[in-house]
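Note: the block below is final-v8.cif and it holds mmCIF, C-alpha atoms.
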data_start
#
loop_
_atom_site.label_atom_id
_atom_site.label_comp_id
_atom_site.auth_asym_id
_atom_site.auth_seq_id
_atom_site.Cartn_x
_atom_site.Cartn_y
_atom_site.Cartn_z
CA MET D 1497 86.83 -159.85 42.45
CA PRO D 1498 88.04 -161.16 45.81
CA GLN D 1499 89.92 -164.00 44.12
CA ILE D 1500 92.38 -161.43 42.76
CA GLU D 1501 92.08 -158.70 45.41
CA GLN D 1502 92.82 -161.10 48.26
CA ILE D 1503 95.34 -163.31 46.50
CA ALA D 1504 98.43 -161.92 48.20
CA ALA D 1505 96.89 -162.14 51.66
CA THR D 1506 95.22 -165.53 51.31
CA LEU D 1507 97.37 -167.53 48.87
CA SER D 1508 99.47 -169.23 51.54
CA SER D 1509 96.45 -170.04 53.70
CA GLN D 1510 94.49 -171.39 50.71
CA VAL D 1511 97.33 -173.58 49.51
CA PHE D 1512 98.20 -174.79 53.01
CA TRP D 1513 94.69 -175.79 54.02
CA LEU D 1514 93.93 -177.30 50.61
CA LEU D 1515 97.05 -179.45 50.87
CA VAL D 1516 96.07 -180.41 54.44
CA PHE D 1517 92.48 -181.39 53.70
CA PHE D 1518 93.05 -182.81 50.22
CA GLY D 1519 96.03 -184.71 51.61
CA LEU D 1520 94.01 -186.09 54.51
CA THR D 1521 91.23 -187.11 52.13
CA PHE D 1522 93.75 -188.71 49.79
CA VAL D 1523 95.51 -190.64 52.57
CA PHE D 1524 92.46 -191.81 54.53
CA VAL D 1525 89.87 -192.14 51.77
CA GLY D 1526 91.88 -192.54 48.57
CA LEU D 1527 94.61 -194.80 49.89
CA GLY D 1528 92.87 -196.21 52.96
CA MET D 1529 89.35 -197.03 51.83
CA VAL D 1530 89.13 -197.03 48.03
CA PRO D 1531 91.40 -200.09 47.51
CA LYS D 1532 89.34 -202.03 50.06
CA ILE D 1533 86.08 -201.09 48.36
CA MET D 1534 87.48 -202.06 44.99
CA GLY D 1535 88.74 -205.27 46.57
CA THR D 1536 85.22 -206.02 47.77
CA VAL D 1537 83.89 -205.41 44.26
CA ASP D 1538 86.59 -207.63 42.76
CA LEU D 1539 85.86 -210.33 45.33
CA ARG D 1540 82.17 -210.17 44.50
CA ASP D 1541 82.85 -210.30 40.76
CA LYS D 1542 85.13 -213.29 41.31
CA GLN D 1543 82.51 -214.98 43.47
CA ILE D 1544 79.81 -214.39 40.87
CA ALA D 1545 82.07 -215.70 38.10
CA GLY D 1546 82.90 -218.75 40.25
CA ASP D 1547 79.25 -219.38 41.06
CA LEU D 1548 78.33 -219.09 37.40
CA ALA D 1549 81.08 -221.54 36.44
CA ALA D 1550 79.94 -223.95 39.17
CA ALA D 1551 76.35 -223.66 37.95
CA GLN D 1552 77.49 -224.36 34.40
CA THR D 1553 79.44 -227.42 35.57
CA ALA D 1554 76.45 -228.67 37.55
CA ARG D 1555 74.26 -228.14 34.53
CA ASP D 1556 76.62 -230.04 32.25
CA GLU D 1557 76.81 -232.81 34.83
CA ALA D 1558 73.02 -232.99 35.05
CA THR D 1559 72.78 -233.14 31.26
CA SER D 1560 75.23 -236.03 31.02
CA GLU D 1561 73.52 -237.71 33.97
CA GLU D 1562 70.19 -237.38 32.19
CA GLU D 1563 71.73 -238.76 29.02
CA ALA D 1564 73.03 -241.78 30.91
CA TRP D 1565 69.66 -242.24 32.62
CA ARG D 1566 67.91 -242.10 29.26
CA LYS D 1567 70.24 -244.71 27.84
CA ARG D 1568 69.69 -246.94 30.87
CA GLU D 1569 65.97 -246.38 30.67
CA ASN D 1570 65.92 -247.24 26.97
CA ALA D 1571 67.89 -250.42 27.65
CA ASN D 1572 65.48 -251.33 30.45
CA ARG D 1573 62.52 -250.71 28.23
CA ALA D 1574 64.01 -252.82 25.47
CA ALA D 1575 64.68 -255.61 27.99
CA ALA D 1576 61.11 -255.38 29.25
CA GLN D 1577 59.81 -255.52 25.68
CA GLY D 1578 61.91 -258.62 25.16
CA VAL D 1579 60.51 -260.28 28.25
CA ILE D 1580 56.98 -259.42 27.20
CA GLY D 1581 57.61 -260.77 23.69
CA ALA D 1582 59.05 -263.99 25.04
CA ALA D 1583 56.13 -264.44 27.40
CA LYS D 1584 53.68 -263.80 24.58
CA ALA D 1585 55.43 -266.32 22.34
CA LYS D 1586 55.46 -268.88 25.12
CA ALA D 1587 51.80 -268.37 25.87
CA ALA D 1588 50.93 -268.59 22.19
CA ALA D 1589 52.87 -271.81 21.82
CA ALA D 1590 51.22 -273.30 24.89
CA SER D 1591 47.75 -272.35 23.73
CA SER D 1592 48.35 -273.76 20.26
CA VAL D 1593 49.52 -277.02 21.76
CA LYS D 1594 46.38 -277.13 23.90
CA LEU D 1595 44.22 -276.29 20.89
CA ALA D 1596 45.89 -279.05 18.86
CA GLU D 1597 45.28 -281.52 21.68
CA ALA D 1598 41.67 -280.52 21.92
CA GLN D 1599 41.33 -280.75 18.15
CA THR D 1600 42.83 -284.25 18.12
CA ARG D 1601 40.47 -285.32 20.91
CA LEU D 1602 37.49 -283.90 19.12
CA ASP D 1603 38.56 -285.47 15.83
CA GLY D 1604 38.85 -288.84 17.57
CA ARG D 1605 35.44 -288.53 19.06
CA LEU D 1606 33.99 -287.41 15.76
CA ALA D 1607 35.54 -290.36 13.99
CA GLU D 1608 34.19 -292.73 16.68
CA ALA D 1609 30.74 -291.27 16.38
CA GLU D 1610 30.80 -291.52 12.62
CA THR D 1611 31.95 -295.16 12.82
CA ALA D 1612 29.10 -295.87 15.26
CA ILE D 1613 26.62 -294.12 12.95
CA ASP D 1614 27.92 -296.13 9.98
CA ALA D 1615 27.66 -299.39 11.93
CA ALA D 1616 24.15 -298.52 13.01
CA ARG D 1617 23.21 -297.58 9.49
CA THR D 1618 24.66 -300.87 8.08
CA SER D 1619 22.90 -303.02 10.65
CA ALA D 1620 19.70 -301.11 10.05
CA MET D 1621 20.01 -301.60 6.29
CA ALA D 1622 20.65 -305.36 6.81
CA GLU D 1623 17.59 -305.59 8.98
CA ILE D 1624 15.51 -303.66 6.44
CA GLU D 1625 16.74 -305.98 3.69
CA ALA D 1626 15.87 -309.08 5.76
CA VAL D 1627 12.46 -307.70 6.59
CA ALA D 1628 11.89 -306.68 2.98
CA ALA D 1629 12.92 -310.12 1.71
CA ASP D 1630 10.53 -311.83 4.13
CA ALA D 1631 7.85 -309.40 3.19
CA ALA D 1632 8.51 -309.95 -0.53
CA ARG D 1633 8.28 -313.82 -0.09
CA ASP D 1634 5.07 -313.41 1.86
CA ILE D 1635 3.62 -311.06 -0.78
CA VAL D 1636 4.68 -313.42 -3.58
CA ALA D 1637 3.31 -316.46 -1.68
CA ARG D 1638 0.00 -314.80 -1.08
CA VAL D 1639 -0.41 -313.12 -4.39
CA ALA D 1640 1.07 -315.71 -6.77
CA GLY D 1641 1.08 -318.70 -4.42
CA ALA D 1642 4.56 -319.37 -5.48
CA ASP D 1643 7.26 -320.22 -3.07
CA VAL D 1644 10.30 -318.01 -3.70
CA GLU D 1645 13.65 -319.03 -2.56
CA LEU D 1646 14.95 -316.86 0.24
CA ALA D 1647 18.14 -316.14 -1.64
CA ALA D 1648 16.24 -315.00 -4.76
CA ALA D 1649 14.07 -312.73 -2.68
CA GLN D 1650 17.06 -311.23 -1.07
CA ALA D 1651 18.74 -310.63 -4.45
CA ALA D 1652 15.60 -308.98 -5.79
CA VAL D 1653 15.34 -306.75 -2.74
CA LYS D 1654 19.04 -305.75 -3.09
CA GLU D 1655 18.49 -304.85 -6.70
CA ALA D 1656 15.39 -302.83 -5.97
CA MET D 1657 17.12 -300.91 -3.20
CA ALA D 1658 20.17 -300.29 -5.32
CA HIS D 1659 17.98 -298.79 -8.06
CA GLY D 1660 15.80 -296.98 -5.53
CA MET H 1211 98.83 -156.39 56.07
CA ALA H 1212 96.36 -159.22 55.90
CA ALA H 1213 94.39 -157.70 58.72
CA GLU H 1214 94.30 -154.37 56.87
CA ARG H 1215 93.01 -156.04 53.76
CA SER H 1216 90.31 -157.98 55.51
CA ALA H 1217 89.35 -154.77 57.31
CA ALA H 1218 89.12 -153.01 53.98
CA VAL H 1219 86.98 -155.83 52.63
CA ALA H 1220 84.78 -155.63 55.70
CA VAL H 1221 84.32 -151.88 55.12
CA GLN H 1222 83.40 -152.60 51.51
CA ASN H 1223 80.86 -155.18 52.60
CA LEU H 1224 79.43 -152.76 55.11
CA GLU H 1225 79.11 -150.12 52.41
CA ALA H 1226 77.43 -152.60 50.10
CA ALA H 1227 75.02 -153.57 52.85
CA GLU H 1228 74.25 -149.95 53.60
CA ALA H 1229 73.52 -149.25 49.97
CA GLY H 1230 70.92 -152.07 50.14
CA LYS H 1231 72.45 -153.80 47.18
CA VAL H 1232 73.50 -157.37 46.69
CA ASP H 1233 77.17 -157.54 45.81
CA PRO H 1234 77.46 -160.69 43.63
CA MET H 1235 81.19 -160.94 44.37
CA LYS H 1236 80.93 -160.83 48.15
CA GLN H 1237 80.27 -164.57 48.29
CA PHE H 1238 83.85 -165.20 47.17
CA THR H 1239 85.39 -163.15 49.97
CA ILE H 1240 87.75 -165.11 52.18
CA GLU H 1241 87.43 -164.26 55.86
CA PRO H 1242 89.61 -165.64 58.61
CA ILE H 1243 87.70 -167.59 61.24
CA LEU H 1244 90.55 -168.66 63.52
CA GLY H 1245 94.17 -167.68 63.94
CA SER H 1246 94.32 -164.74 61.58
CA ASP H 1247 97.91 -164.30 62.72
CA TRP H 1248 98.97 -167.96 62.41
CA GLN H 1249 102.25 -168.11 60.55
CA LEU H 1250 103.86 -171.18 59.04
CA ALA H 1251 107.07 -169.19 58.59
CA ASP H 1252 107.75 -165.48 58.59
CA GLY H 1253 105.22 -163.84 56.29
CA ILE H 1254 103.42 -167.08 55.40
CA ASN H 1255 99.99 -166.68 56.91
CA ILE H 1256 97.90 -169.81 57.38
CA ALA H 1257 94.78 -168.41 58.98
CA PHE H 1258 91.89 -170.90 59.16
CA THR H 1259 89.43 -169.17 56.85
CA ASN H 1260 85.88 -169.84 55.73
CA SER H 1261 87.46 -171.40 52.65
CA ALA H 1262 89.49 -173.79 54.83
CA LEU H 1263 86.35 -174.56 56.86
CA TRP H 1264 84.45 -175.65 53.74
CA MET H 1265 87.44 -177.69 52.63
CA ALA H 1266 87.33 -179.39 56.03
CA ILE H 1267 83.56 -180.01 55.70
CA THR H 1268 84.16 -181.43 52.22
CA ALA H 1269 86.91 -183.72 53.50
CA VAL H 1270 84.72 -184.93 56.38
CA LEU H 1271 81.69 -185.53 54.13
CA VAL H 1272 83.76 -187.40 51.56
CA TRP H 1273 85.16 -189.50 54.40
CA VAL H 1274 81.67 -190.12 55.84
CA PHE H 1275 80.30 -191.02 52.40
CA VAL H 1276 83.05 -193.50 51.61
CA ALA H 1277 83.18 -194.88 55.17
CA GLY H 1278 79.46 -195.69 54.84
CA GLY H 1279 80.38 -198.04 51.99
CA MET H 1280 83.01 -199.91 54.01
CA LYS H 1281 80.72 -202.69 55.24
CA ARG H 1282 82.26 -204.91 52.56
CA GLN H 1283 79.15 -207.05 52.31
CA LEU H 1284 78.87 -209.58 49.54
CA VAL H 1285 75.38 -208.32 48.80
CA PRO H 1286 75.72 -204.54 49.11
CA GLY H 1287 73.20 -202.25 50.75
CA ARG H 1288 72.15 -198.98 49.15
CA TRP H 1289 74.96 -196.91 50.60
CA GLN H 1290 77.62 -199.49 49.81
CA MET H 1291 76.20 -199.73 46.30
CA ALA H 1292 76.45 -195.94 45.90
CA VAL H 1293 80.08 -195.84 47.05
CA GLU H 1294 80.98 -198.85 44.92
CA SER H 1295 79.35 -197.25 41.89
CA MET H 1296 81.52 -194.15 42.45
CA THR H 1297 84.76 -196.13 42.73
CA GLY H 1298 83.62 -198.27 39.79
CA PHE H 1299 82.94 -195.10 37.80
CA ILE H 1300 86.48 -193.80 38.37
CA ASP H 1301 87.91 -197.27 37.78
CA ASP H 1302 86.09 -197.52 34.44
CA LEU H 1303 87.19 -194.00 33.52
CA LEU H 1304 90.85 -194.89 34.05
CA GLU H 1305 90.43 -198.30 32.45
CA ALA H 1306 88.97 -196.68 29.33
CA ASN H 1307 91.49 -193.83 29.08
CA VAL H 1308 94.73 -195.29 30.45
CA GLY H 1309 94.17 -199.04 30.34
CA ALA H 1310 95.22 -201.63 32.87
CA ALA H 1311 98.06 -199.36 34.07
CA GLY H 1312 95.44 -196.79 35.11
CA ARG H 1313 94.31 -198.77 38.14
CA LYS H 1314 97.05 -197.43 40.38
CA TYR H 1315 95.77 -193.87 39.85
CA VAL H 1316 92.27 -194.68 41.10
CA PRO H 1317 92.96 -193.42 44.66
CA TYR H 1318 94.20 -190.05 43.39
CA ILE H 1319 91.57 -189.54 40.70
CA PHE H 1320 88.83 -190.71 43.06
CA THR H 1321 89.94 -188.28 45.76
CA LEU H 1322 90.22 -185.49 43.18
CA PHE H 1323 86.79 -186.19 41.73
CA MET H 1324 85.02 -186.53 45.08
CA PHE H 1325 86.77 -183.52 46.60
CA ILE H 1326 85.83 -181.27 43.67
CA LEU H 1327 82.32 -182.74 43.37
CA PHE H 1328 81.53 -182.31 47.06
CA GLY H 1329 83.14 -178.85 47.09
CA ASN H 1330 81.03 -177.78 44.10
CA LEU H 1331 77.80 -179.23 45.50
CA LEU H 1332 78.33 -177.87 49.03
CA GLY H 1333 78.58 -174.38 47.54
CA LEU H 1334 75.03 -174.85 46.22
CA VAL H 1335 73.50 -176.01 49.51
CA PRO H 1336 71.24 -173.19 50.71
CA VAL H 1337 72.77 -172.92 54.17
CA GLY H 1338 72.42 -169.16 53.77
CA LEU H 1339 68.85 -169.63 55.01
CA ILE H 1340 70.36 -169.98 58.48
CA PRO H 1341 71.20 -166.45 59.70
CA GLY H 1342 74.92 -165.81 59.91
CA VAL H 1343 75.93 -168.88 57.91
CA HIS H 1344 77.33 -168.39 54.44
CA ALA H 1345 78.07 -171.10 51.93
CA PHE H 1346 81.48 -170.86 50.34
CA THR H 1347 82.58 -172.58 47.15
CA PHE H 1348 86.33 -173.06 47.42
CA THR H 1349 86.45 -174.38 43.84
CA SER H 1350 85.54 -170.86 42.69
CA HIS H 1351 89.04 -169.72 43.69
CA PHE H 1352 91.82 -170.20 41.18
CA THR H 1353 94.29 -170.51 44.03
CA VAL H 1354 92.54 -173.78 44.93
CA THR H 1355 91.86 -175.06 41.41
CA GLY H 1356 95.40 -174.03 40.49
CA VAL H 1357 96.89 -176.18 43.24
CA LEU H 1358 94.76 -179.13 42.14
CA ALA H 1359 95.77 -178.59 38.50
CA ILE H 1360 99.45 -178.31 39.43
CA MET H 1361 99.19 -181.55 41.41
CA SER H 1362 97.70 -183.37 38.40
CA PHE H 1363 100.25 -181.81 36.06
CA SER H 1364 103.10 -182.76 38.40
CA ILE H 1365 101.95 -186.36 38.43
CA VAL H 1366 101.97 -186.35 34.63
CA LEU H 1367 105.50 -184.90 34.56
CA ILE H 1368 106.86 -187.21 37.28
CA VAL H 1369 105.32 -190.34 35.76
CA GLY H 1370 106.32 -189.31 32.23
CA PHE H 1371 109.96 -188.63 33.03
CA ALA H 1372 110.29 -191.54 35.46
CA LYS H 1373 108.89 -193.97 32.94
CA HIS H 1374 110.30 -192.70 29.66
CA GLY H 1375 113.18 -190.43 30.67
CA PHE H 1376 114.06 -187.86 28.02
CA HIS H 1377 112.11 -189.91 25.52
CA PHE H 1378 109.06 -188.26 27.10
CA PHE H 1379 109.89 -185.21 24.92
CA SER H 1380 108.77 -187.25 21.92
CA LEU H 1381 105.28 -186.36 23.15
CA PHE H 1382 105.84 -183.05 21.31
CA TRP H 1383 106.59 -184.79 18.04
CA PRO H 1384 103.50 -186.71 16.94
CA SER H 1385 104.31 -189.81 14.94
CA ASN H 1386 104.28 -189.51 11.13
CA THR H 1387 105.11 -185.81 11.28
CA PRO H 1388 107.12 -184.74 8.21
CA ALA H 1389 110.61 -183.57 9.17
CA PHE H 1390 110.18 -180.01 7.90
CA LEU H 1391 107.09 -179.62 10.12
CA ALA H 1392 108.81 -181.04 13.18
CA LEU H 1393 109.89 -177.70 14.62
CA PRO H 1394 106.62 -175.73 14.30
CA ILE H 1395 104.53 -178.71 15.40
CA SER H 1396 106.69 -179.46 18.39
CA LEU H 1397 106.45 -175.80 19.41
CA ILE H 1398 102.66 -175.90 19.14
CA GLU H 1399 102.57 -179.19 21.06
CA LEU H 1400 104.82 -177.75 23.75
CA VAL H 1401 102.59 -174.70 24.16
CA SER H 1402 99.44 -176.80 24.29
CA PHE H 1403 101.12 -179.06 26.84
CA MET H 1404 102.22 -176.16 29.04
CA VAL H 1405 98.75 -174.60 28.84
CA ARG H 1406 97.14 -177.72 30.30
CA PRO H 1407 97.41 -176.84 34.01
CA PHE H 1408 96.07 -173.36 33.33
CA SER H 1409 93.12 -174.57 31.27
CA LEU H 1410 92.43 -177.25 33.88
CA ALA H 1411 92.44 -174.73 36.72
CA LEU H 1412 90.65 -171.91 34.92
CA ARG H 1413 87.85 -174.09 33.51
CA LEU H 1414 86.71 -175.21 36.95
CA PHE H 1415 87.24 -171.81 38.57
CA VAL H 1416 85.38 -169.90 35.84
CA ALA H 1417 82.50 -172.37 35.67
CA MET H 1418 81.91 -172.28 39.41
CA MET H 1419 82.32 -168.53 39.74
CA ALA H 1420 80.12 -167.73 36.75
CA GLY H 1421 77.28 -169.88 38.03
CA HIS H 1422 77.37 -168.39 41.50
CA VAL H 1423 77.60 -164.82 40.20
CA LEU H 1424 74.66 -165.48 37.90
CA LEU H 1425 72.59 -166.80 40.80
CA LYS H 1426 73.46 -163.80 42.96
CA VAL H 1427 72.69 -161.33 40.16
CA LEU H 1428 69.30 -162.96 39.62
CA ALA H 1429 68.73 -162.91 43.39
CA SER H 1430 69.42 -159.18 43.40
CA PHE H 1431 66.84 -158.80 40.60
CA VAL H 1432 64.31 -160.67 42.72
CA ILE H 1433 64.97 -158.43 45.72
CA ALA H 1434 65.12 -155.21 43.74
CA GLY H 1435 62.04 -156.15 41.73
CA GLY H 1436 60.10 -157.09 44.84
CA SER H 1437 60.98 -153.96 46.72
CA GLY H 1438 60.19 -151.80 43.69
CA GLY H 1439 56.49 -152.48 43.92
CA ILE H 1440 53.88 -154.93 42.64
CA GLY H 1441 54.49 -154.15 38.95
CA THR H 1442 58.24 -154.70 38.95
CA GLY H 1443 57.77 -157.59 41.37
CA VAL H 1444 55.58 -159.46 38.90
CA LEU H 1445 57.44 -158.36 35.78
CA VAL H 1446 61.01 -158.73 37.04
CA GLY H 1447 61.03 -160.54 40.36
CA VAL H 1448 58.92 -163.57 39.52
CA PRO H 1449 60.59 -164.40 36.17
CA SER H 1450 64.00 -163.92 37.78
CA PHE H 1451 63.02 -166.27 40.58
CA VAL H 1452 61.80 -168.91 38.12
CA LEU H 1453 65.03 -168.53 36.19
CA MET H 1454 66.99 -168.90 39.43
CA VAL H 1455 65.31 -172.21 40.18
CA ALA H 1456 66.14 -173.48 36.70
CA ILE H 1457 69.72 -172.23 36.89
CA SER H 1458 70.15 -173.80 40.33
CA ALA H 1459 69.26 -177.15 38.75
CA LEU H 1460 71.70 -176.41 35.93
CA GLU H 1461 74.37 -175.55 38.49
CA ILE H 1462 73.97 -178.94 40.16
CA LEU H 1463 74.58 -180.48 36.74
CA VAL H 1464 77.57 -178.20 36.17
CA ALA H 1465 78.97 -179.16 39.60
CA GLY H 1466 79.01 -182.81 38.52
CA ILE H 1467 80.20 -182.13 34.98
CA GLN H 1468 83.10 -179.94 36.06
CA ALA H 1469 84.28 -182.50 38.61
CA TYR H 1470 83.99 -185.17 35.90
CA VAL H 1471 85.83 -183.03 33.34
CA PHE H 1472 88.65 -182.36 35.80
CA ALA H 1473 89.01 -186.08 36.55
CA LEU H 1474 88.64 -187.03 32.87
CA LEU H 1475 91.27 -184.56 31.63
CA THR H 1476 93.66 -185.55 34.40
CA SER H 1477 93.28 -189.20 33.40
CA LEU H 1478 93.82 -188.27 29.72
CA TYR H 1479 97.01 -186.40 30.62
CA ILE H 1480 98.15 -189.35 32.74
CA ASN H 1481 97.52 -191.54 29.70
CA ASP H 1482 100.03 -189.41 27.74
CA ALA H 1483 102.62 -190.09 30.42
CA GLU H 1484 101.75 -193.78 30.87
CA ASN H 1485 101.38 -194.79 27.24
CA LEU H 1486 103.71 -192.56 25.27
CA HIS H 1487 102.90 -193.00 21.59
#

Please express what this file holds, its structure, as structure tokens.
Amino acid sequence: MPQIEQIAATLSSQVFWLLVFFGLTFVFVGLGMVPKIMGTVDLRDKQIAGDLAAAQTARDEATSEEEAWRKRENANRAAAQGVIGAAKAKAAAASSVKLAEAQTRLDGRLAEAETAIDAARTSAMAEIEAVAADAARDIVARVAGADVELAAAQAAVKEAMAHG
Amino acid sequence: MAAERSAAVAVQNLEAAEAGKVDPMKQFTIEPILGSDWQLADGINIAFTNSALWMAITAVLVWVFVAGGMKRQLVPGRWQMAVESMTGFIDDLLEANVGAAGRKYVPYIFTLFMFILFGNLLGLVPVGLIPGVHAFTFTSHFTVTGVLAIMSFSIVLIVGFAKHGFHFFSLFWPSNTPAFLALPISLIELVSFMVRPFSLALRLFVAMMAGHVLLKVLASFVIAGGSGGIGTGVLVGVPSFVLMVAISALEILVAGIQAYVFALLTSLYINDAENLH
């Protein structure tokens, strides 16, 4: 086993060169580079944590912004509904006024027409009565040869018309 | 003396080669590449060996891997993602076992984990296909794993005593221990504490060595079976080869697990020192 057979001859060389090369590695790699690499990792972790926090803040901000927008939007919508309602009410009022006017006008005209019809009917009835009285006097004069007073004829005609 | 030994090893290797056998232990032999007579002080040889070469390759590859993740982009590419997942893995490990105080140990544990992981994996790369090149797993030497374990153990001791002073000894007296059990339990705790660096070092060393020996033994079966004729080739060589493929996959897993276990146990021991009960 060379490890034991050569120990006396090689111990000093082994220890010396191990200390040299391990020491160089420790100084240049362990002390020189490793802290920098770990610093880079720490920096990156910090950056990631910062970015995540910033993203969270932005998200919260957006949420509150959206909330505010929704409130504003709801208010706007309510206002618009109000305007629409008012306009509807106004239009309805206007149209009812117009309808009432038209109704009044129509009623007036209807009443006029009815009055005219009544007048016409009355005058027509008077004429019929006059004609009927004349006719009755003529019929009486021809049939009975009696001369009937105009007033009596008229009264008889009135009675006959009243009883149909 | 060192030269004599390496010469003796070379003779052994030569003999093994002549016998036409695969020596499963030869892969652990340390051979000087440069400066076999370099001395740090009198008698302290610091020859640049194949082991040191693979440590250097490991260090360079770890550096290249991590440097590729240094673009520091906000949106990482694949490579940066891979490196960041490794640092994040160690960071999570320490966070889970030590807590917030564990962050300052990330550079050490990361280096430890990557160095062992790359060392383990590089030993499995089939560079032996290139003539004259031999892979070497430096984590299969307890001299190396021992140094790593002692480093981790030293950190535990230094942090423990610096933070808690002599109160750190209360680690050996678990809370709610009855007074008459205090002595035996503290002795057991002391032993288990002192064994930690050894278990840490031996676990990695044994796991890496065992896997590589097993692969080499199976490889020798393949060669011996194949050269023994068609019958042994089919009966021994082919099943051994299939088993080798499966065990190679297992060894890749073991390479990762052992690096993880080393880093995990070190962080658990650091937790004892950081958060004394």

Show which residues sit within 7 Å of segment 1642-1653 of chain D, as a PDB file with C-alpha atoms, in the coordinates of the input. Count all atoms listed in the file, and ignore same-chain residues fewer than 4 positions away.
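Final output, saved to around-v2.pdb:
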ATOM      1  CA  GLU D1625      16.740-305.980   3.690  1.00  0.00           C
ATOM      2  CA  ALA D1628      11.890-306.680   2.980  1.00  0.00           C
ATOM      3  CA  ALA D1629      12.920-310.120   1.710  1.00  0.00           C
ATOM      4  CA  ALA D1632       8.510-309.950  -0.530  1.00  0.00           C
ATOM      5  CA  ARG D1633       8.280-313.820  -0.090  1.00  0.00           C
ATOM      6  CA  VAL D1636       4.680-313.420  -3.580  1.00  0.00           C
ATOM      7  CA  ALA D1637       3.310-316.460  -1.680  1.00  0.00           C
ATOM      8  CA  MET D1657      17.120-300.910  -3.200  1.00  0.00           C
TER       9      MET D1657
END

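Closest to Ala1483 of chain H among H:Val1308, H:Val1416, H:Ala1262, H:Leu1358 is H:Val1308, based on only C-alpha atoms.
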
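Among the candidate residues H:Tyr1479, H:Phe1363, H:Phe1431, H:Tyr1470, the one lying nearest to Phe1323 of chain H is H:Tyr1470, with distances computed using all atoms listed in the file.
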
Could you expand the PyMOL selection byres ((chain D) within 9 of (chain H)) into the explicit residues it covers here, written as a PyMOL selection string?
-> chain D and resi 1497-1518+1520-1537+1539-1540+1543

C-alpha atoms of the current selection, written as a PDB file, keeping the file's coordinate frame:
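Result file is part04.pdb:
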ATOM      1  CA  MET D1497      86.830-159.850  42.450  1.00  0.00           C
ATOM      2  CA  PRO D1498      88.040-161.160  45.810  1.00  0.00           C
ATOM      3  CA  GLN D1499      89.920-164.000  44.120  1.00  0.00           C
ATOM      4  CA  ILE D1500      92.380-161.430  42.760  1.00  0.00           C
ATOM      5  CA  GLU D1501      92.080-158.700  45.410  1.00  0.00           C
ATOM      6  CA  GLN D1502      92.820-161.100  48.260  1.00  0.00           C
ATOM      7  CA  ILE D1503      95.340-163.310  46.500  1.00  0.00           C
ATOM      8  CA  ALA D1504      98.430-161.920  48.200  1.00  0.00           C
ATOM      9  CA  ALA D1505      96.890-162.140  51.660  1.00  0.00           C
ATOM     10  CA  THR D1506      95.220-165.530  51.310  1.00  0.00           C
ATOM     11  CA  LEU D1507      97.370-167.530  48.870  1.00  0.00           C
ATOM     12  CA  SER D1508      99.470-169.230  51.540  1.00  0.00           C
ATOM     13  CA  SER D1509      96.450-170.040  53.700  1.00  0.00           C
ATOM     14  CA  GLN D1510      94.490-171.390  50.710  1.00  0.00           C
ATOM     15  CA  VAL D1511      97.330-173.580  49.510  1.00  0.00           C
ATOM     16  CA  PHE D1512      98.200-174.790  53.010  1.00  0.00           C
ATOM     17  CA  TRP D1513      94.690-175.790  54.020  1.00  0.00           C
ATOM     18  CA  LEU D1514      93.930-177.300  50.610  1.00  0.00           C
ATOM     19  CA  LEU D1515      97.050-179.450  50.870  1.00  0.00           C
ATOM     20  CA  VAL D1516      96.070-180.410  54.440  1.00  0.00           C
ATOM     21  CA  PHE D1517      92.480-181.390  53.700  1.00  0.00           C
ATOM     22  CA  PHE D1518      93.050-182.810  50.220  1.00  0.00           C
ATOM     23  CA  LEU D1520      94.010-186.090  54.510  1.00  0.00           C
ATOM     24  CA  THR D1521      91.230-187.110  52.130  1.00  0.00           C
ATOM     25  CA  PHE D1522      93.750-188.710  49.790  1.00  0.00           C
ATOM     26  CA  VAL D1523      95.510-190.640  52.570  1.00  0.00           C
ATOM     27  CA  PHE D1524      92.460-191.810  54.530  1.00  0.00           C
ATOM     28  CA  VAL D1525      89.870-192.140  51.770  1.00  0.00           C
ATOM     29  CA  GLY D1526      91.880-192.540  48.570  1.00  0.00           C
ATOM     30  CA  LEU D1527      94.610-194.800  49.890  1.00  0.00           C
ATOM     31  CA  GLY D1528      92.870-196.210  52.960  1.00  0.00           C
ATOM     32  CA  MET D1529      89.350-197.030  51.830  1.00  0.00           C
ATOM     33  CA  VAL D1530      89.130-197.030  48.030  1.00  0.00           C
ATOM     34  CA  PRO D1531      91.400-200.090  47.510  1.00  0.00           C
ATOM     35  CA  LYS D1532      89.340-202.030  50.060  1.00  0.00           C
ATOM     36  CA  ILE D1533      86.080-201.090  48.360  1.00  0.00           C
ATOM     37  CA  MET D1534      87.480-202.060  44.990  1.00  0.00           C
ATOM     38  CA  GLY D1535      88.740-205.270  46.570  1.00  0.00           C
ATOM     39  CA  THR D1536      85.220-206.020  47.770  1.00  0.00           C
ATOM     40  CA  VAL D1537      83.890-205.410  44.260  1.00  0.00           C
ATOM     41  CA  LEU D1539      85.860-210.330  45.330  1.00  0.00           C
ATOM     42  CA  ARG D1540      82.170-210.170  44.500  1.00  0.00           C
ATOM     43  CA  GLN D1543      82.510-214.980  43.470  1.00  0.00           C
TER      44      GLN D1543
END

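Take atom CA of Arg1413 of chain H and atom CA of Leu1381 of chain H: the distance between them is 23.7 Å.
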